[in-house]
$ cat work-v8.txt   # compact mmCIF, C-alpha atoms
# COMPACT_ATOMS: atom_id res chain seq x y z
CA MET A 555 6.38 -2.87 -29.55
CA THR A 556 10.06 -1.95 -29.89
CA PRO A 557 12.77 -4.63 -30.06
CA THR A 558 14.11 -3.42 -26.72
CA THR A 559 10.76 -3.93 -25.06
CA GLN A 560 10.53 -7.39 -26.59
CA GLU A 561 13.69 -8.28 -24.69
CA VAL A 562 11.49 -8.70 -21.61
CA ALA A 563 10.61 -12.12 -22.96
CA SER A 564 14.27 -13.11 -22.88
CA LEU A 565 14.66 -12.40 -19.15
CA ASP A 566 15.94 -15.43 -17.28
CA ARG A 567 12.96 -16.91 -15.47
CA VAL A 568 15.04 -18.67 -12.85
CA ILE A 569 16.40 -15.30 -11.68
CA HIS A 570 13.21 -13.39 -12.38
CA GLU A 571 11.43 -14.80 -9.32
CA PRO A 572 11.79 -12.12 -6.55
CA ALA A 573 13.11 -14.44 -3.83
CA ARG A 574 15.70 -15.98 -6.14
CA LEU A 575 16.69 -12.53 -7.44
CA MET A 576 17.30 -11.46 -3.85
CA ILE A 577 19.47 -14.53 -3.19
CA MET A 578 21.42 -13.96 -6.40
CA MET A 579 22.02 -10.28 -5.60
CA LEU A 580 23.20 -11.15 -2.12
CA LEU A 581 25.56 -13.85 -3.37
CA TYR A 582 26.85 -11.55 -6.13
CA ALA A 583 27.80 -9.01 -3.48
CA VAL A 584 29.68 -11.42 -1.18
CA PRO A 585 32.35 -14.05 -1.95
CA GLU A 586 30.46 -16.69 0.05
CA ALA A 587 27.78 -16.83 2.72
CA ASP A 588 26.10 -19.60 4.66
CA PHE A 589 22.49 -20.72 4.76
CA LEU A 590 21.75 -19.06 8.10
CA TYR A 591 23.12 -15.69 6.99
CA ILE A 592 21.06 -15.70 3.76
CA GLN A 593 17.99 -16.77 5.69
CA ARG A 594 18.37 -13.89 8.14
CA GLU A 595 19.22 -11.27 5.52
CA CYS A 596 16.39 -12.19 3.14
CA GLU A 597 13.94 -13.15 5.92
CA PHE A 598 12.98 -16.50 4.39
CA THR A 599 11.84 -19.66 6.10
CA GLN A 600 14.21 -22.65 5.99
CA GLY A 601 12.01 -24.59 3.56
CA ASN A 602 11.52 -21.62 1.27
CA LEU A 603 15.21 -20.81 1.07
CA SER A 604 16.09 -24.46 0.63
CA SER A 605 13.78 -24.90 -2.36
CA HIS A 606 14.98 -21.68 -4.04
CA LEU A 607 18.61 -22.62 -3.53
CA ARG A 608 17.94 -26.02 -5.06
CA LYS A 609 16.49 -24.40 -8.17
CA LEU A 610 19.45 -22.03 -8.47
CA GLU A 611 21.84 -24.93 -7.98
CA GLU A 612 20.06 -26.94 -10.68
CA ALA A 613 20.47 -24.00 -13.05
CA ASP A 614 24.20 -23.95 -12.14
CA PHE A 615 23.94 -20.39 -10.86
CA VAL A 616 24.85 -21.19 -7.27
CA TYR A 617 27.37 -23.57 -5.77
CA VAL A 618 26.43 -25.10 -2.41
CA THR A 619 28.94 -26.90 -0.24
CA LYS A 620 29.06 -28.16 3.33
CA MET A 621 31.96 -27.30 5.61
CA PHE A 622 32.88 -26.98 9.28
CA LYS A 623 33.88 -23.88 11.25
CA GLY A 624 35.02 -25.15 14.63
CA ASN A 625 32.52 -27.86 15.54
CA TYR A 626 29.62 -26.29 13.71
CA PRO A 627 28.54 -27.49 10.26
CA LEU A 628 27.87 -24.73 7.74
CA THR A 629 26.09 -24.87 4.40
CA VAL A 630 28.07 -22.35 2.38
CA CYS A 631 26.74 -20.89 -0.85
CA SER A 632 28.55 -18.91 -3.51
CA ILE A 633 27.60 -17.66 -6.93
CA THR A 634 29.13 -19.37 -9.97
CA LYS A 635 30.68 -17.59 -12.97
CA GLN A 636 27.65 -18.61 -14.99
CA GLY A 637 25.41 -17.16 -12.28
CA GLN A 638 27.34 -13.89 -12.29
CA ARG A 639 27.01 -13.56 -16.04
CA ALA A 640 23.32 -14.45 -15.94
CA LEU A 641 22.59 -11.86 -13.24
CA GLU A 642 24.57 -9.16 -15.08
CA LYS A 643 22.68 -9.94 -18.28
CA TYR A 644 19.38 -9.89 -16.41
CA VAL A 645 20.10 -6.48 -14.81
CA ARG A 646 21.35 -5.07 -18.13
CA THR A 647 18.24 -6.20 -19.98
CA LEU A 648 15.91 -4.93 -17.30
CA ARG A 649 17.66 -1.55 -17.25
CA SER A 650 17.48 -1.17 -21.01
CA VAL A 651 13.77 -2.09 -21.02
CA CYS A 652 13.01 0.28 -18.16
CA SER A 653 14.91 3.12 -19.83
CA GLU A 654 12.24 3.17 -22.56
CA PHE A 655 9.39 3.23 -20.10
CA PRO A 656 9.25 6.97 -19.20
CA ASP A 657 9.09 8.02 -22.90
CA GLN A 658 6.15 5.73 -23.56
CA LEU A 659 4.44 7.02 -20.45
CA ASN A 660 4.85 10.66 -21.56
CA THR A 661 3.47 9.88 -25.04
CA LYS A 662 0.46 8.16 -23.51
CA SER A 663 -0.27 11.04 -21.13
CA ARG A 664 0.01 13.59 -23.98
CA ALA A 665 -2.40 11.60 -26.12
CA MET B 384 28.83 -3.95 -16.59
CA ALA B 385 31.28 -3.26 -13.79
CA PRO B 386 31.01 -5.55 -10.75
CA SER B 387 30.56 -2.50 -8.55
CA ASP B 388 27.25 -1.78 -10.30
CA ILE B 389 25.70 -4.61 -8.36
CA GLN B 390 28.18 -4.87 -5.47
CA GLY B 391 27.38 -1.34 -4.38
CA ALA B 392 24.07 -2.60 -3.11
CA GLU B 393 22.95 -2.69 0.47
CA PHE B 394 23.85 -6.38 0.69
CA ALA B 395 27.56 -5.72 0.20
CA ARG B 396 27.63 -2.96 2.79
CA ARG B 397 25.81 -5.08 5.35
CA ALA B 398 28.08 -8.07 4.70
CA ARG B 399 31.21 -5.96 5.14
CA ASP B 400 29.89 -4.44 8.35
CA TYR B 401 28.96 -7.93 9.58
CA TRP B 402 32.64 -8.78 10.12
CA ARG B 403 33.01 -6.28 12.95
CA VAL B 404 29.49 -6.19 14.37
CA ASP B 405 30.30 -8.56 17.25
CA GLY B 406 33.43 -6.72 18.44
CA ILE B 407 35.67 -9.79 18.18
CA PRO B 408 38.10 -8.21 15.67
CA LEU B 409 38.53 -5.26 18.02
CA LEU B 410 39.16 -7.51 21.02
CA VAL B 411 41.70 -9.61 19.15
CA GLY B 412 43.30 -6.46 17.74
CA ALA B 413 43.53 -4.95 21.22
CA ALA B 414 45.05 -8.11 22.69
CA SER B 415 47.55 -8.30 19.81
CA TYR B 416 48.51 -4.66 20.26
CA MET B 417 49.10 -5.04 23.98
CA LEU B 418 51.12 -8.20 23.46
CA LEU B 419 53.19 -6.42 20.87
CA VAL B 420 53.79 -3.39 23.10
CA ALA B 421 54.78 -5.67 25.98
CA ALA B 422 57.23 -7.54 23.74
CA LEU B 423 58.74 -4.33 22.40
CA LEU B 424 59.02 -2.77 25.86
CA LEU B 425 60.83 -5.84 27.08
CA THR B 426 63.14 -5.78 24.09
CA LEU B 427 63.92 -2.10 24.55
CA GLU B 428 64.43 -2.57 28.25
CA THR B 429 66.94 -5.32 27.65
CA LEU B 430 68.68 -3.48 24.83
CA LEU B 431 68.87 -0.02 26.39
CA GLN B 432 69.93 -1.08 29.89
CA ASN B 433 72.91 -3.11 28.67
CA GLY B 434 71.69 -6.18 30.58
CA SER B 435 73.17 -5.21 33.91
CA PRO B 436 71.44 -7.24 36.69
CA ASN B 437 71.21 -4.17 38.91
CA GLU B 438 69.57 -1.97 36.30
CA ASN B 439 67.44 -4.37 34.29
CA TRP B 440 64.04 -5.10 35.81
CA VAL B 441 63.75 -8.39 33.95
CA LEU B 442 66.92 -9.73 35.51
CA ARG B 443 66.03 -8.23 38.89
CA ASN B 444 62.47 -9.53 39.17
CA VAL B 445 62.21 -12.79 37.27
CA GLY B 446 65.41 -14.53 38.28
CA GLU B 447 68.62 -14.98 36.41
CA PRO B 448 68.32 -18.32 34.55
CA VAL B 449 64.92 -17.49 33.07
CA ALA B 450 65.70 -13.81 32.61
CA GLY B 451 68.95 -14.61 30.91
CA VAL B 452 67.18 -16.61 28.24
CA VAL B 453 64.49 -13.93 27.88
CA PHE B 454 67.15 -11.24 27.67
CA ILE B 455 69.13 -12.94 24.95
CA THR B 456 66.19 -14.07 22.85
CA SER B 457 63.75 -11.17 23.37
CA PRO B 458 64.44 -9.35 20.07
CA LEU B 459 63.92 -12.64 18.25
CA TRP B 460 60.59 -13.53 19.79
CA ALA B 461 59.35 -9.94 19.63
CA THR B 462 59.98 -10.09 15.87
CA ALA B 463 58.35 -13.52 15.72
CA ILE B 464 55.26 -12.18 17.50
CA VAL B 465 54.98 -9.28 15.03
CA ILE B 466 55.29 -11.60 12.03
CA TRP B 467 52.86 -14.14 13.48
CA LEU B 468 50.26 -11.45 14.23
CA TYR B 469 50.51 -9.99 10.74
CA THR B 470 50.05 -13.35 9.07
CA ASN B 471 47.52 -15.00 11.41
CA TRP B 472 45.41 -12.14 12.65
CA GLU B 473 42.39 -12.90 10.50
CA ASP B 474 42.55 -16.66 11.20
CA LEU B 475 42.56 -15.91 14.91
CA VAL B 476 39.45 -13.75 14.61
CA ASP B 477 37.81 -16.35 12.38
CA ARG B 478 38.44 -19.06 14.98
CA PHE B 479 36.62 -17.06 17.67
CA LYS B 480 33.83 -16.20 15.25
CA GLY B 481 33.48 -19.90 14.42
CA ARG B 482 32.51 -20.52 18.05
CA LEU B 483 30.51 -17.39 18.83
CA THR B 484 29.15 -15.64 15.75
CA TYR B 485 28.64 -18.10 12.90
CA PRO B 486 26.44 -20.52 14.87
CA ARG B 487 24.25 -17.62 16.00
CA THR B 488 23.82 -15.37 12.99
CA GLY B 489 25.54 -17.12 10.09
CA TYR B 490 28.80 -16.99 8.19
CA VAL B 491 30.11 -14.57 5.56
CA ALA B 492 33.59 -14.83 4.08
CA PRO B 493 36.23 -12.82 6.02
CA PRO B 494 37.72 -9.61 4.52
CA SER B 495 40.71 -11.23 2.79
CA TYR B 496 38.24 -13.10 0.55
CA TRP B 497 37.02 -9.72 -0.60
CA SER B 498 40.35 -8.60 -1.97
CA PRO B 499 40.81 -8.88 -5.74
CA GLU B 500 43.64 -11.41 -5.32
CA THR B 501 41.50 -13.94 -3.54
CA LYS B 502 38.09 -13.24 -4.97
CA ASN B 503 39.12 -14.94 -8.18
CA ASP B 504 37.27 -12.43 -10.32
CA GLU B 505 38.72 -12.57 -13.83
CA ARG B 506 38.17 -8.89 -14.58
CA LEU B 507 39.76 -7.77 -11.34
CA GLN B 508 42.63 -10.18 -11.89
CA GLU B 509 43.18 -8.69 -15.35
CA ALA B 510 43.27 -5.21 -13.85
CA ILE B 511 46.00 -6.32 -11.43
CA ASP B 512 48.05 -7.92 -14.19
CA GLN B 513 47.83 -4.73 -16.22
CA GLN B 514 49.52 -2.68 -13.47
CA PRO B 515 52.41 -0.79 -15.13
CA ALA B 516 55.98 -1.76 -14.27
CA LEU B 517 56.77 1.80 -13.16
CA GLN B 518 53.95 1.65 -10.63
CA ARG B 519 55.24 -1.62 -9.23
CA TRP B 520 58.78 -0.22 -8.86
CA LEU B 521 57.59 3.03 -7.31
CA THR B 522 55.41 1.08 -4.87
CA LEU B 523 58.42 -0.99 -3.89
CA PHE B 524 60.74 2.01 -3.40
CA SER B 525 58.15 3.98 -1.44
CA GLY B 526 57.24 1.11 0.83
CA PHE B 527 58.05 0.19 4.38
CA TRP B 528 60.14 -2.98 3.82
CA PHE B 529 62.48 -1.46 1.23
CA TRP B 530 63.41 1.36 3.58
CA GLN B 531 63.66 -1.03 6.49
CA LEU B 532 66.27 -2.89 4.44
CA VAL B 533 68.05 0.36 3.54
CA PHE B 534 68.23 1.45 7.17
CA LEU B 535 69.36 -1.96 8.35
CA SER B 536 72.08 -2.06 5.69
CA PHE B 537 73.12 1.48 6.58
CA GLY B 538 73.31 0.55 10.27
CA VAL B 539 75.34 -2.59 9.60
CA LEU B 540 77.74 -0.95 7.12
CA THR B 541 78.45 2.19 9.13
CA ASP B 542 78.19 0.60 12.57
CA HIS B 543 75.64 3.28 13.51
CA THR B 544 71.87 3.23 13.73
CA TYR B 545 70.08 5.84 11.67
CA LEU B 546 68.85 7.59 14.82
CA GLN B 547 72.43 8.24 15.85
CA SER B 548 73.53 9.47 12.43
CA SER B 549 73.76 13.15 11.49
CA SER B 550 70.71 15.35 10.96
CA LYS B 551 71.82 16.02 7.40
CA VAL B 552 71.54 12.34 6.51
CA LYS B 553 68.12 12.14 8.16
CA VAL B 554 66.84 15.23 6.30
CA ILE B 555 68.10 13.93 2.96
CA THR B 556 66.60 10.49 3.63
CA LEU B 557 63.26 11.96 4.63
CA CYS B 558 63.16 14.23 1.56
CA ALA B 559 64.05 11.36 -0.78
CA PHE B 560 61.47 9.13 0.84
CA LEU B 561 58.73 11.78 0.63
CA THR B 562 59.61 12.60 -2.98
CA ILE B 563 59.35 8.98 -4.09
CA ARG B 564 56.04 8.57 -2.27
CA ALA B 565 54.72 11.82 -3.74
CA ILE B 566 55.63 10.75 -7.30
CA ARG B 567 54.10 7.33 -6.75
CA PHE B 568 50.76 8.65 -5.49
CA ALA B 569 50.65 11.57 -7.94
CA LEU B 570 51.06 9.24 -10.92
CA TYR B 571 48.96 6.39 -9.54
CA PRO B 572 46.51 7.64 -6.90
CA GLU B 573 45.01 5.18 -4.46
CA ALA B 574 41.63 3.86 -5.55
CA PRO B 575 38.67 5.04 -3.49
CA SER B 576 37.17 2.48 -1.16
CA ALA B 577 34.57 0.01 -2.43
CA LEU B 578 31.88 1.71 -0.39
CA GLY B 579 31.79 4.57 -2.86
CA GLU B 580 33.70 7.67 -1.85
CA LYS B 581 33.05 10.82 -3.82
CA GLN B 582 35.63 11.18 -6.57
CA ALA B 583 34.69 14.47 -8.18
CA ASN B 584 35.66 16.79 -5.34
CA PRO B 585 39.22 18.13 -5.99
CA LEU B 586 39.73 18.94 -2.31
CA LEU B 587 39.04 15.31 -1.40
CA LYS B 588 41.53 14.22 -4.05
CA ILE B 589 44.23 16.49 -2.61
CA LEU B 590 43.50 15.34 0.93
CA ARG B 591 43.64 11.69 -0.16
CA PHE B 592 46.98 12.36 -1.90
CA PHE B 593 48.56 13.84 1.24
CA ARG B 594 47.09 11.08 3.38
CA SER B 595 48.60 8.48 1.05
CA VAL B 596 52.02 10.15 1.10
CA LEU B 597 52.17 10.61 4.87
CA ASP B 598 50.52 7.33 5.79
CA CYS B 599 53.74 5.43 6.37
CA LEU B 600 55.56 4.63 9.59
CA TRP B 601 58.93 5.80 8.27
CA VAL B 602 57.68 9.34 7.59
CA TRP B 603 56.79 9.79 11.25
CA PHE B 604 59.76 7.82 12.43
CA LEU B 605 62.24 10.06 10.61
CA THR B 606 60.34 13.23 11.51
CA SER B 607 60.35 12.31 15.19
CA ALA B 608 64.07 11.53 14.98
CA LEU B 609 64.67 15.08 13.69
CA LEU B 610 62.91 16.76 16.61
CA PRO B 611 65.23 18.49 19.09
CA VAL B 612 64.27 16.45 22.14
CA PRO B 613 66.24 14.20 24.48
CA HIS B 614 66.93 10.64 23.43
CA THR B 615 64.25 8.95 25.58
CA GLN B 616 61.57 11.27 24.31
CA VAL B 617 62.49 10.41 20.74
CA TRP B 618 61.79 6.83 21.58
CA LEU B 619 58.44 7.79 23.07
CA LEU B 620 57.50 9.61 19.91
CA VAL B 621 58.57 6.58 17.91
CA PHE B 622 56.27 4.47 20.07
CA LEU B 623 53.45 6.94 19.58
CA CYS B 624 53.93 6.72 15.81
CA PHE B 625 54.05 2.96 16.08
CA GLY B 626 50.68 2.94 17.91
CA VAL B 627 49.09 5.15 15.28
CA PHE B 628 50.60 3.04 12.51
CA PHE B 629 49.30 -0.18 14.08
CA ILE B 630 45.77 1.16 14.43
CA ARG B 631 45.84 2.65 10.93
CA THR B 632 47.02 -0.66 9.49
CA PHE B 633 44.24 -2.63 11.09
CA GLY B 634 41.75 0.25 11.01
CA PRO B 635 39.97 -0.66 7.77
CA VAL B 636 39.46 -4.18 9.03
CA LEU B 637 38.47 -3.23 12.53
CA GLY B 638 35.94 -0.68 11.41
CA ALA B 639 35.32 2.93 12.23
CA LEU B 640 38.29 3.43 14.52
CA HIS B 641 38.96 7.05 13.70
CA THR B 642 37.41 8.22 16.94
CA ALA B 643 39.29 5.57 18.90
CA GLU B 644 42.49 6.60 17.16
CA ILE B 645 42.07 10.25 18.07
CA CYS B 646 40.95 9.57 21.62
CA SER B 647 43.69 7.05 22.38
CA CYS B 648 46.42 9.24 20.91
CA GLY B 649 45.08 12.24 22.79
CA ALA B 650 45.09 10.25 26.02
CA LEU B 651 48.55 8.98 25.21
CA CYS B 652 49.91 12.49 24.69
CA ALA B 653 48.25 13.75 27.85
CA VAL B 654 49.78 11.00 29.96
CA LEU B 655 53.17 11.55 28.35
CA ILE B 656 53.05 15.26 29.07
CA TRP B 657 51.68 15.13 32.60
CA ARG B 658 53.48 12.06 33.91
CA GLN B 659 57.13 11.70 33.12
CA THR B 660 57.41 8.56 35.25
CA SER B 661 58.17 5.16 33.75
CA SER B 662 54.84 3.69 34.92
CA GLY B 663 52.99 6.58 33.28
CA ILE B 664 54.82 6.00 30.04
CA VAL B 665 54.09 2.27 30.07
CA LEU B 666 50.43 2.99 30.82
CA ALA B 667 50.33 5.51 27.98
CA LEU B 668 51.62 2.94 25.52
CA PHE B 669 48.88 0.52 26.53
CA VAL B 670 46.08 3.12 26.26
CA PRO B 671 45.11 2.37 22.61
CA GLY B 672 44.86 -1.33 23.49
CA PHE B 673 42.70 -0.72 26.55
CA TYR B 674 40.43 1.57 24.58
CA ALA B 675 39.96 -0.88 21.72
CA ALA B 676 39.37 -3.73 24.20
CA ALA B 677 36.67 -1.70 25.98
CA VAL B 678 34.88 -0.88 22.72
CA GLY B 679 35.19 -4.48 21.49
CA GLY B 680 33.95 -5.89 24.81
CA PHE B 681 30.94 -3.60 24.75
CA ARG B 682 30.10 -4.63 21.17
CA LEU B 683 30.43 -8.33 22.02
CA PHE B 684 28.23 -7.94 25.08
CA ARG B 685 25.58 -6.16 23.02
CA TYR B 686 25.77 -8.77 20.25
CA LEU B 687 25.48 -11.72 22.64
CA ARG B 688 22.49 -10.12 24.32
CA ALA B 689 20.78 -9.62 20.98
CA SER B 690 21.53 -13.20 19.85
CA PRO B 691 21.59 -15.18 23.10
CA THR B 692 21.41 -18.77 21.87
CA PRO B 693 22.48 -20.47 18.65
CA LEU B 694 19.51 -21.00 16.36
$ encode --input "work-v8.txt" --output "structure tokens"
Amino acid sequence: MTPTTQEVASLDRVIHEPARLMIMMLLYAVPEADFLYIQRECEFTQGNLSSHLRKLEEADFVYVTKMFKGNYPLTVCSITKQGQRALEKYVRTLRSVCSEFPDQLNTKSRA
Amino acid sequence: MAPSDIQGAEFARRARDYWRVDGIPLLVGAASYMLLVAALLLTLETLLQNGSPNENWVLRNVGEPVAGVVFITSPLWATAIVIWLYTNWEDLVDRFKGRLTYPRTGYVAPPSYWSPETKNDERLQEAIDQQPALQRWLTLFSGFWFWQLVFLSFGVLTDHTYLQSSSKVKVITLCAFLTIRAIRFALYPEAPSALGEKQANPLLKILRFFRSVLDCLWVWFLTSALLPVPHTQVWLLVFLCFGVFFIRTFGPVLGALHTAEICSCGALCAVLIWRQTSSGIVLALFVPGFYAAAVGGFRLFRYLRASPTPL
């Protein structure tokens, strides 16, 4: 196994979960978004999203705050600097691992 | 890794489109435009008619004590309205969205949060700080406010407005203005939009360059002042340019307004050509506002039907 392929083991497991990856990608793309918007975009249930956000908040990847717009309370989430760096590292690693994949596949099919 | 590598995803596009999906920005934009046109018409009316009670419709129809105050202060509050709209436009939209949109389908930061200045992204901030001094100076000298200052100073010093000055001065001014803008955008072209325009095509680059150079109110203002038409028609052309400028300024925020822009300007021209009456002219000036209001109202109606009650 090449060193690049071994990097798979170093992937951040908090981000690696598909639902959390989706939340992270959404929050990376926008400055801030509220709970309802994320729930609708990612099509999660309230409980599901809540538990994933808690895990991301515990890892210090996401910052959650409560605010008011008019009379309506909003739970606003935004990605932290640490979260941005972690996601960028995750995507970089995954890309570099995947770039090796087609060569291995060709070798296997030739053999 | 550049931020755009991840920001170019579907999420970013959807979030940006989300700002205008309910039609509220268009409605507020339309209302602002019509308010602005009304204020400017009133100002022009008071300024051009010399305030004679027999000629001025404000003094004739509203009554002298009130009209007198309006007459004297109208340029001031017209300017105040313009400044207020420019600075508070997004807050106004956000306030309406806070009542209608966010409780129904959620909240995403408004467009100003997306700009590099407010997004607080270190890399983007560094890129801004690294802007060359020459670029900053050229941007200043090719901008609207610098030339506004020049024209105002010229008007005050010579006791003439630039529209009344000689054609030679206007031609020289226009050429100087265009040259500075051309140098600025040739050396430092405008960055393509975040939604990923094609950069490789040379034709697109040339088109973007000319768009950048000509996309300024003063270019059209000076050009219209050079046209050999009677005085009132010059003012109409100035108003037409003002309408286009207003829509272009708010266009990126309001969304795909290119069709609205073309249609409203076409309608405006048609009314100006076919009806030379004062009511026709006033109606023509309000056409872009009516059009934007209709589109915005339709979008809001559709949005409220799709999301009838807050979740």
$ residues_around --input "work-v8.txt" --residues "Met576 of chain A" --least-positions-apart "6" --cutoff "10 Å" --atoms "only C-alpha atoms" --output "list in words"
Ile569, His570, Tyr582, Ile592, Glu595 and Cys596 of chain A; Phe394 of chain B
$ interface_residues --input "work-v8.txt" --of "chain A" --to "chain B" --cutoff "6 Å" --atoms "only C-alpha atoms" --output "ChimeraX atom specification"
/A:580,583,586-588,590-591,623-624
$ atom_distance --input "work-v8.txt" --atom1 "atom CA of Gln560 of chain A" --atom2 "atom CA of Leu607 of chain A"
28.8 Å
$ atom_distance --input "work-v8.txt" --atom1 "atom CA of Gln638 of chain A" --atom2 "atom CA of Ala613 of chain A"
12.2 Å
$ atom_distance --input "work-v8.txt" --atom1 "atom CA of Arg591 of chain B" --atom2 "atom CA of Leu668 of chain B"
28.3 Å
$ residues_around --input "work-v8.txt" --residues "Phe615 of chain A" --least-positions-apart "6" --cutoff "6 Å" --atoms "all atoms listed in the file" --output "MDAnalysis selection string"
chainID A and resid 634 636:637
$ axis_aligned_box --input "work-v8.txt" --around "segment 600-606 of chain A" --padding-each-side "4 Å" --output "JSON"
{"center_x": 13.8, "center_y": -22.9, "center_z": 1.0, "size_x": 12.6, "size_y": 12.1, "size_z": 18.0}
$ residues_around --input "work-v8.txt" --residues "Ala676 of chain B" --least-positions-apart "3" --cutoff "7 Å" --atoms "all atoms listed in the file" --output "ChimeraX atom specification"
/B:409-410,413,672-673,679-680
$ closest_residue --input "work-v8.txt" --among "A:Lys643, A:Arg649, A:Lys620, A:His606" --to "Pro572 of chain A" --atoms "only C-alpha atoms"
A:His606
$ residues_around --input "work-v8.txt" --residues "Arg608 of chain A" --least-positions-apart "4" --cutoff "12 Å" --atoms "all atoms listed in the file" --output "mmCIF file with C-alpha atoms, keeping the file's coordinate frame"
data_model
loop_
_atom_site.group_PDB
_atom_site.id
_atom_site.type_symbol
_atom_site.label_atom_id
_atom_site.label_comp_id
_atom_site.auth_asym_id
_atom_site.auth_seq_id
_atom_site.Cartn_x
_atom_site.Cartn_y
_atom_site.Cartn_z
ATOM 1 C CA VAL A 568 15.040 -18.670 -12.850
ATOM 2 C CA ARG A 574 15.700 -15.980 -6.140
ATOM 3 C CA ILE A 577 19.470 -14.530 -3.190
ATOM 4 C CA GLY A 601 12.010 -24.590 3.560
ATOM 5 C CA ASN A 602 11.520 -21.620 1.270
ATOM 6 C CA LEU A 603 15.210 -20.810 1.070
ATOM 7 C CA SER A 604 16.090 -24.460 0.630
ATOM 8 C CA GLU A 612 20.060 -26.940 -10.680
ATOM 9 C CA ALA A 613 20.470 -24.000 -13.050
ATOM 10 C CA ASP A 614 24.200 -23.950 -12.140
ATOM 11 C CA PHE A 615 23.940 -20.390 -10.860
ATOM 12 C CA VAL A 616 24.850 -21.190 -7.270
ATOM 13 C CA TYR A 617 27.370 -23.570 -5.770
ATOM 14 C CA VAL A 618 26.430 -25.100 -2.410
ATOM 15 C CA CYS A 631 26.740 -20.890 -0.850
#
$ closest_residue --input "work-v8.txt" --among "B:Phe684, B:Phe524, B:Ala463, B:Lys588" --to "Thr562 of chain B" --atoms "all atoms listed in the file"
B:Phe524
$ build_atoms --input "work-v8.txt" --residues "segment 558-569 of chain A" --atoms "N, CA, C and O atoms" --output "PDB file, keeping the file's coordinate frame"
ATOM      1  N   THR A 558      13.606  -3.470 -28.087  1.00  0.00           N
ATOM      2  CA  THR A 558      14.110  -3.420 -26.720  1.00  0.00           C
ATOM      3  C   THR A 558      13.073  -3.926 -25.731  1.00  0.00           C
ATOM      4  O   THR A 558      13.373  -4.675 -24.804  1.00  0.00           O
ATOM      5  N   THR A 559      11.828  -3.496 -25.960  1.00  0.00           N
ATOM      6  CA  THR A 559      10.760  -3.930 -25.060  1.00  0.00           C
ATOM      7  C   THR A 559      10.525  -5.437 -25.175  1.00  0.00           C
ATOM      8  O   THR A 559      10.212  -6.096 -24.189  1.00  0.00           O
ATOM      9  N   GLN A 560      10.723  -5.946 -26.384  1.00  0.00           N
ATOM     10  CA  GLN A 560      10.530  -7.390 -26.590  1.00  0.00           C
ATOM     11  C   GLN A 560      11.562  -8.228 -25.840  1.00  0.00           C
ATOM     12  O   GLN A 560      11.361  -9.420 -25.619  1.00  0.00           O
ATOM     13  N   GLU A 561      12.646  -7.562 -25.442  1.00  0.00           N
ATOM     14  CA  GLU A 561      13.690  -8.280 -24.690  1.00  0.00           C
ATOM     15  C   GLU A 561      13.182  -8.790 -23.340  1.00  0.00           C
ATOM     16  O   GLU A 561      13.807  -9.654 -22.732  1.00  0.00           O
ATOM     17  N   VAL A 562      12.072  -8.242 -22.874  1.00  0.00           N
ATOM     18  CA  VAL A 562      11.490  -8.700 -21.610  1.00  0.00           C
ATOM     19  C   VAL A 562      11.271 -10.212 -21.654  1.00  0.00           C
ATOM     20  O   VAL A 562      11.477 -10.920 -20.659  1.00  0.00           O
ATOM     21  N   ALA A 563      10.877 -10.687 -22.815  1.00  0.00           N
ATOM     22  CA  ALA A 563      10.610 -12.120 -22.960  1.00  0.00           C
ATOM     23  C   ALA A 563      11.867 -12.961 -22.776  1.00  0.00           C
ATOM     24  O   ALA A 563      11.785 -14.134 -22.419  1.00  0.00           O
ATOM     25  N   SER A 564      13.038 -12.326 -22.991  1.00  0.00           N
ATOM     26  CA  SER A 564      14.270 -13.110 -22.880  1.00  0.00           C
ATOM     27  C   SER A 564      14.849 -13.099 -21.460  1.00  0.00           C
ATOM     28  O   SER A 564      15.934 -13.639 -21.226  1.00  0.00           O
ATOM     29  N   LEU A 565      14.149 -12.435 -20.535  1.00  0.00           N
ATOM     30  CA  LEU A 565      14.660 -12.400 -19.150  1.00  0.00           C
ATOM     31  C   LEU A 565      14.707 -13.822 -18.580  1.00  0.00           C
ATOM     32  O   LEU A 565      13.795 -14.624 -18.811  1.00  0.00           O
ATOM     33  N   ASP A 566      15.764 -14.090 -17.846  1.00  0.00           N
ATOM     34  CA  ASP A 566      15.940 -15.430 -17.280  1.00  0.00           C
ATOM     35  C   ASP A 566      14.885 -15.669 -16.200  1.00  0.00           C
ATOM     36  O   ASP A 566      14.839 -14.962 -15.192  1.00  0.00           O
ATOM     37  N   ARG A 567      14.071 -16.700 -16.399  1.00  0.00           N
ATOM     38  CA  ARG A 567      12.960 -16.910 -15.470  1.00  0.00           C
ATOM     39  C   ARG A 567      13.397 -17.516 -14.134  1.00  0.00           C
ATOM     40  O   ARG A 567      12.683 -17.389 -13.143  1.00  0.00           O
ATOM     41  N   VAL A 568      14.541 -18.129 -14.141  1.00  0.00           N
ATOM     42  CA  VAL A 568      15.040 -18.670 -12.850  1.00  0.00           C
ATOM     43  C   VAL A 568      15.388 -17.495 -11.929  1.00  0.00           C
ATOM     44  O   VAL A 568      15.070 -17.501 -10.746  1.00  0.00           O
ATOM     45  N   ILE A 569      16.015 -16.472 -12.491  1.00  0.00           N
ATOM     46  CA  ILE A 569      16.400 -15.300 -11.680  1.00  0.00           C
ATOM     47  C   ILE A 569      15.218 -14.375 -11.462  1.00  0.00           C
ATOM     48  O   ILE A 569      15.171 -13.656 -10.472  1.00  0.00           O
TER      49      ILE A 569
END
